[in-house]
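J.: Got a structure here, written out as structure tokens. Questions coming.
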Amino acid sequence: MRDDPTVTVYSREQVKRARIAIAAVFTVHGAVTGSFATRVPWIQDHAGVSAGQLGLALAFPAIGASIAMPLAGRISHRFGARTALRGLLALWTLALILPALAPSLVTLCAALFVYGATAGMSDVAMNALGIEVENRLDKSIMSGLHGMWSVGALIGSAAGTVAAHTATDARLHHAIAALVLTTAGLIACRGVLDLQSRPDEEPPPRFTLPPKSALIIGAIGFCAVFAEGASLDWSAVYLRDVLDSSDGLAAASTTAFTLTMALARIAGDRIVDRFGAVRTVRTGGLMATAGGLLVVFSPTPAAAMCGFALLGLGVAVVVPLAFAAAGRSGPNPSQAIAGVATITYTSSLIAPSAIGSLAEATSLVVSFGVVTALAFGLVLGAGVLRSADRKVTGSAAESGTTTKSATGS
């Protein structure tokens with residue numbers, strides 16, 4: 001086996017170092033998102049688009065991601081996991097420059113399409129490598145990796161807030177951020193696992209429907225991301241319009257939600273290792289359902305804030321575990337991960353507008369009644385994530401070394 005150039009054997013210490021490297025990759029990926037989000041108002045003014053046109057343009061990242069994500073597995077098969085991630089992550093960090101350069105609606109939509117496509121492909125590649133590291137360590141790390149993504153988003157948004165406060169041109173801000181993050185990403189990618197496909201392994205198709213297993217797992221991810229997107233975008237509005245709270249208190253509800261999500265993801269791996277994926281998600285679903293009910297029936301802003309915090313705690317680890325389950329659900333992990341990612345991206349795209357449309361037709365209280373029902377779906381469907389629980393196999397677990405291909409599980 002050691003003489004086969006397509007097979008790489010890693011010691012446990014090498015895998016531990018790879019864990020640090022992939023965590024850094026997740027942080028860089030999140031920082032790009034945070035950097036972009038804080039400058040959307042500047043980008044809107046520069047492109048000269050209305051609020052409605054901006055809403056249309058902001059749909060294009062999800063469209064680009066959904067179309068491009070299936071290509072990630074083929075790129076990894078062709079170039080190897082490390083080289084593929086290095087290239088895709090660099091394309092994503094450099095794509096940060098494009099939206100701020102767009103002078104019109106058409107060019108902004110095109111820029112955001114590219115931005116989303118590179119985001120989605122690098123997302124699939126880094127999650128696939130994260131799952132490979134998790135398999136080799138035989139301990140949950142995916143929740144922590146997504147927690148590091150949240151940390152990166154906070155870092156990027158903090159830098160963006162400073163840039164916006166000092167009235168820095170977003171073109172300059174994003175050019176500098178892209179240079180820094182590209183450099184950081186290239187350095188981080190040097191330490192990830194360098195996995196290669198076997199010579200006799202068929203490359204994944206360029207475009208294909210997600211496998212059935214990914215659709216089932218993705219349904220759970222859909223419920224969690226819908227609740228996340230609805231809470232993130234509408235919690236402040238809910239407190240202001242339904243409970244007549246101040247703008248400052250309303251904004252604090254969003255902070256409470258994001259903070260509990262980040263903390264739960266960072267701590268989530270230990271919980272998953274102790275109780276397993278299914279029990280963790282089922283308990284999280286109960287917490288999220290309780291939080292949703294608290295929001296819907298809340299008599300005071302403080303109670304609603306507690307409800308949103310519970311929602312954040314409850315859904316935090318679902319998406320990382322959905323990716324982990326997808327990576328172990330069949331012979332082609334990248335294809336399954338791309339399928340789950342496509343479903344969750346779609347959920348994040350439709351959730352804010354669906355909540356708004358339903359609220360306009362009925363009320364925000366009814367909208368969050370729907371969110372609560374989807375949260376309860378996590379309780380009912382948690383069993384599909386059973387494959388996210390790791391199984392120790394053979395001498396690999398005993399010796400601390402493993403042998404796998406880039407696209408096989």
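Residue numbers start at 1 in each chain; chains themselves are named A, B, ... in the order of the structure tokens; ligands are numbered from 1 in the order shown.
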Which region 63-140 of chain A residues have any atom within 9 Å of an atom of region 345-361 of chain A, and for each, what is the nearest pair of atoms with distance in Å to one decimal, counting only C-alpha atoms, rows sorted by chain and number, as JSON lines?

T.:
{"residue": "A:Ile63", "atom": "CA", "partner": "A:Thr346", "partner_atom": "CA", "distance": 8.2}
{"residue": "A:Ala65", "atom": "CA", "partner": "A:Tyr345", "partner_atom": "CA", "distance": 7.6}
{"residue": "A:Ser66", "atom": "CA", "partner": "A:Tyr345", "partner_atom": "CA", "distance": 7.1}
{"residue": "A:Gly120", "atom": "CA", "partner": "A:Tyr345", "partner_atom": "CA", "distance": 8.7}

J.: For the residues in that selection, give me C-alpha atoms as a short mmCIF file (atom, residue, chain, number, x, y, z; two decimals), in the first residue's frame.

T.:
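So the final result, stored in selection.cif, reads:
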data_model
loop_
_atom_site.label_atom_id
_atom_site.label_comp_id
_atom_site.auth_asym_id
_atom_site.auth_seq_id
_atom_site.Cartn_x
_atom_site.Cartn_y
_atom_site.Cartn_z
CA ILE A 63 -28.44 30.51 -7.93
CA ALA A 65 -23.92 28.19 -5.90
CA SER A 66 -26.69 25.73 -6.71
CA GLY A 120 -20.58 27.00 -3.29
#

J.: Between CA of Ala59 (chain A) and CA of Ala110 (chain A), what distance in Å does the model show, to one decimal?

T.: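 These atoms are spaced 11.1 Å apart.
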
J.: Just give me the gap between CA of Ser140 (chain A) and CA of Val225 (chain A) in Å, one decimal is fine.

T.: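 Taking CA of Ser140 (chain A) and CA of Val225 (chain A), their separation equals 20.5 Å.
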
J.: Quick one: everything within 10 Å of Ala163 (chain A), counting only C-alpha atoms, minus sequence neighbours fewer than 5 positions away in the same chain. Send it as an MDAnalysis selection string.

T.: chainID A and resid 35 38:39 157:158 168:170 172:174

J.: Grab the residues selected above and save them as an mmCIF file, in the first residue's frame with N, CA, C and O atoms.

T.:
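What follows is the written file selection-v7.cif:
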data_model
loop_
_atom_site.group_PDB
_atom_site.id
_atom_site.type_symbol
_atom_site.label_atom_id
_atom_site.label_comp_id
_atom_site.auth_asym_id
_atom_site.auth_seq_id
_atom_site.Cartn_x
_atom_site.Cartn_y
_atom_site.Cartn_z
ATOM 1 N N SER A 35 -17.237 40.058 5.292
ATOM 2 C CA SER A 35 -16.723 41.263 4.630
ATOM 3 C C SER A 35 -17.724 41.814 3.618
ATOM 4 O O SER A 35 -17.921 43.023 3.504
ATOM 5 N N THR A 38 -21.333 43.446 5.216
ATOM 6 C CA THR A 38 -21.322 44.778 5.825
ATOM 7 C C THR A 38 -21.310 45.908 4.805
ATOM 8 O O THR A 38 -21.621 47.047 5.144
ATOM 9 N N ARG A 39 -20.951 45.616 3.555
ATOM 10 C CA ARG A 39 -20.845 46.672 2.542
ATOM 11 C C ARG A 39 -21.972 46.631 1.506
ATOM 12 O O ARG A 39 -21.899 47.318 0.479
ATOM 13 N N SER A 157 -17.058 40.765 9.389
ATOM 14 C CA SER A 157 -18.059 41.811 9.570
ATOM 15 C C SER A 157 -17.532 42.924 10.471
ATOM 16 O O SER A 157 -17.867 44.106 10.275
ATOM 17 N N ALA A 158 -16.698 42.566 11.454
ATOM 18 C CA ALA A 158 -16.115 43.593 12.323
ATOM 19 C C ALA A 158 -15.199 44.524 11.519
ATOM 20 O O ALA A 158 -15.266 45.753 11.654
ATOM 21 N N THR A 168 -14.659 54.188 4.110
ATOM 22 C CA THR A 168 -13.698 53.648 3.157
ATOM 23 C C THR A 168 -14.430 53.120 1.931
ATOM 24 O O THR A 168 -15.447 52.421 2.053
ATOM 25 N N ASP A 169 -13.928 53.451 0.761
ATOM 26 C CA ASP A 169 -14.506 52.948 -0.494
ATOM 27 C C ASP A 169 -14.505 51.421 -0.465
ATOM 28 O O ASP A 169 -13.476 50.791 -0.196
ATOM 29 N N ALA A 170 -15.660 50.803 -0.730
ATOM 30 C CA ALA A 170 -15.764 49.335 -0.662
ATOM 31 C C ALA A 170 -14.863 48.654 -1.685
ATOM 32 O O ALA A 170 -14.433 47.511 -1.476
ATOM 33 N N LEU A 172 -11.820 49.560 -2.448
ATOM 34 C CA LEU A 172 -10.517 49.468 -1.790
ATOM 35 C C LEU A 172 -10.572 48.464 -0.647
ATOM 36 O O LEU A 172 -9.669 47.621 -0.498
ATOM 37 N N HIS A 173 -11.618 48.552 0.174
ATOM 38 C CA HIS A 173 -11.773 47.635 1.303
ATOM 39 C C HIS A 173 -11.762 46.188 0.839
ATOM 40 O O HIS A 173 -11.025 45.342 1.378
ATOM 41 N N HIS A 174 -12.556 45.863 -0.167
ATOM 42 C CA HIS A 174 -12.656 44.472 -0.618
ATOM 43 C C HIS A 174 -11.411 44.013 -1.365
ATOM 44 O O HIS A 174 -11.070 42.824 -1.337
#

J.: Using only C-alpha atoms, what does the table of region 139-244 of chain A residues within 12 Å of region 272-283 of chain A look like, with each row giving the shortest atom pair and its distance in Å to one decimal, sorted by chain and ascending number, as a tab-separated table?

T.:
residue	atom	partner	partner_atom	distance
A:Lys139	CA	A:Asp273	CA	6.3
A:Ser140	CA	A:Asp273	CA	5.9
A:Ile141	CA	A:Val272	CA	9.2
A:Met142	CA	A:Val272	CA	9.9
A:Ser143	CA	A:Val272	CA	8.7
A:Gly144	CA	A:Val272	CA	10.8
A:Ile217	CA	A:Val278	CA	12.0
A:Ile220	CA	A:Val281	CA	9.6
A:Gly221	CA	A:Val281	CA	10.8
A:Cys223	CA	A:Val281	CA	11.7
A:Ala224	CA	A:Val281	CA	10.0

J.: What's around Ala303 (chain A) at 12 Å? Count only C-alpha atoms, leave out sequence neighbours fewer than 4 positions away in its own chain, and write the answer as a list in words.

T.: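 Final neighbour list, sorted by chain and number: Leu239, Leu243, Ser245, Ser253, Ala290, Gly291, Gly292, Leu293, Leu294, Val295, Val296, Phe297, Ser298, Pro299, Gly307, Phe308, Ala309 and Leu310 of chain A.
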
J.: In Å, with one decimal, what is the gap from CA of Asn127 (chain A) to CA of Gly152 (chain A)?

T.: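 Atom-to-atom, CA of Asn127 (chain A) to CA of Gly152 (chain A), that is 15.5 Å.
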
J.: Within 9 Å of Ile20 (chain A), counting only C-alpha atoms, which residues qualify if same-chain residues fewer than 6 places away don't, as a list in words?

T.: Ala188, Gly191 and Val192 of chain A

J.: Write the selection just made, keeping N, CA, C and O atoms, as a CSV table (one decimal), in the first residue's frame?

T.:
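And here's part00.csv as it stands now:
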chain,number,residue,atom,x,y,z
A,188,ALA,N,-3.3,28.3,4.6
A,188,ALA,CA,-4.0,27.2,5.3
A,188,ALA,C,-4.1,26.0,4.5
A,188,ALA,O,-4.1,24.9,5.1
A,191,GLY,N,-1.8,22.8,4.7
A,191,GLY,CA,-1.8,21.7,5.7
A,191,GLY,C,-3.0,20.8,5.6
A,191,GLY,O,-3.1,19.8,6.5
A,192,VAL,N,-3.9,20.9,4.7
A,192,VAL,CA,-5.0,20.0,4.6
A,192,VAL,C,-4.6,18.7,4.0
A,192,VAL,O,-3.5,18.6,3.4

J.: Taking into account only C-alpha atoms, which residue in the set A:Ile266, A:Val319, A:Leu193, A:Met287 is nearest to Val151 (chain A)?

T.: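 Between A:Ile266, A:Val319, A:Leu193, A:Met287, the residue approaching Val151 (chain A) most closely is A:Ile266.
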
J.: Which of these, A:Val366, A:Val133, A:Leu311, A:Met69, has the shortest distance to Gln14 (chain A) once you count only C-alpha atoms?

T.: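 Of A:Val366, A:Val133, A:Leu311, A:Met69, the one nearest Gln14 (chain A), counting only C-alpha atoms, is A:Val133.
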
J.: Name the residues of region 183-341 of chain A that fall into helix (DSSP H, G or I) according to DSSP on the backbone, using the chain letters and numbers of this document, as JSON, numbers by chain.

T.: {"A": [183, 184, 185, 186, 187, 188, 189, 212, 213, 214, 215, 216, 217, 218, 219, 220, 221, 222, 223, 224, 225, 226, 227, 228, 229, 230, 231, 232, 233, 234, 235, 236, 237, 238, 239, 240, 241, 247, 248, 249, 250, 251, 252, 253, 254, 255, 256, 257, 258, 259, 260, 261, 262, 263, 264, 265, 266, 267, 268, 269, 270, 271, 272, 273, 274, 275, 277, 278, 279, 280, 281, 282, 283, 284, 285, 286, 287, 288, 289, 290, 291, 292, 293, 294, 295, 296, 301, 302, 303, 304, 305, 306, 307, 308, 309, 310, 311, 312, 313, 314, 315, 318, 319, 320, 321, 322, 323, 324, 325, 326, 327, 333, 334, 335, 336, 337, 338, 339, 340, 341]}

J.: Using only C-alpha atoms, which residue out of A:Thr27, A:Leu374, A:Ser50, A:Leu249 lies closest to Thr300 (chain A)?

T.: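 For Thr300 (chain A), the nearest of the given residues is A:Leu249.
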
J.: Which of these, A:Thr183, A:Thr83, A:Thr344, A:Thr161, has the shortest distance to Leu195 (chain A) once you count only C-alpha atoms?

T.: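 That would be A:Thr83, the residue with the smallest distance to Leu195 (chain A).
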
J.: Env of Val180 (chain A): 10 Å cut, atoms = only C-alpha atoms, seq-sep filter 6 positions within chain, self excluded. Answer as a list in words.

T.: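 Listed by chain and then number, they are Val28, Thr93, Leu94 and His174 of chain A.
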
J.: Export C-alpha atoms of the chosen residues as a CSV table (one decimal), in the first residue's frame?

T.:
chain,number,residue,atom,x,y,z
A,28,VAL,CA,-11.3,32.3,5.8
A,93,THR,CA,-11.7,35.1,-1.9
A,94,LEU,CA,-10.9,37.0,-5.1
A,174,HIS,CA,-12.7,44.5,-0.6

J.: Measuring between only C-alpha atoms, which one of A:Ala84, A:Val237, A:Leu154, A:Gln335 shows the shortest distance to Pro70 (chain A)?

T.: A:Gln335
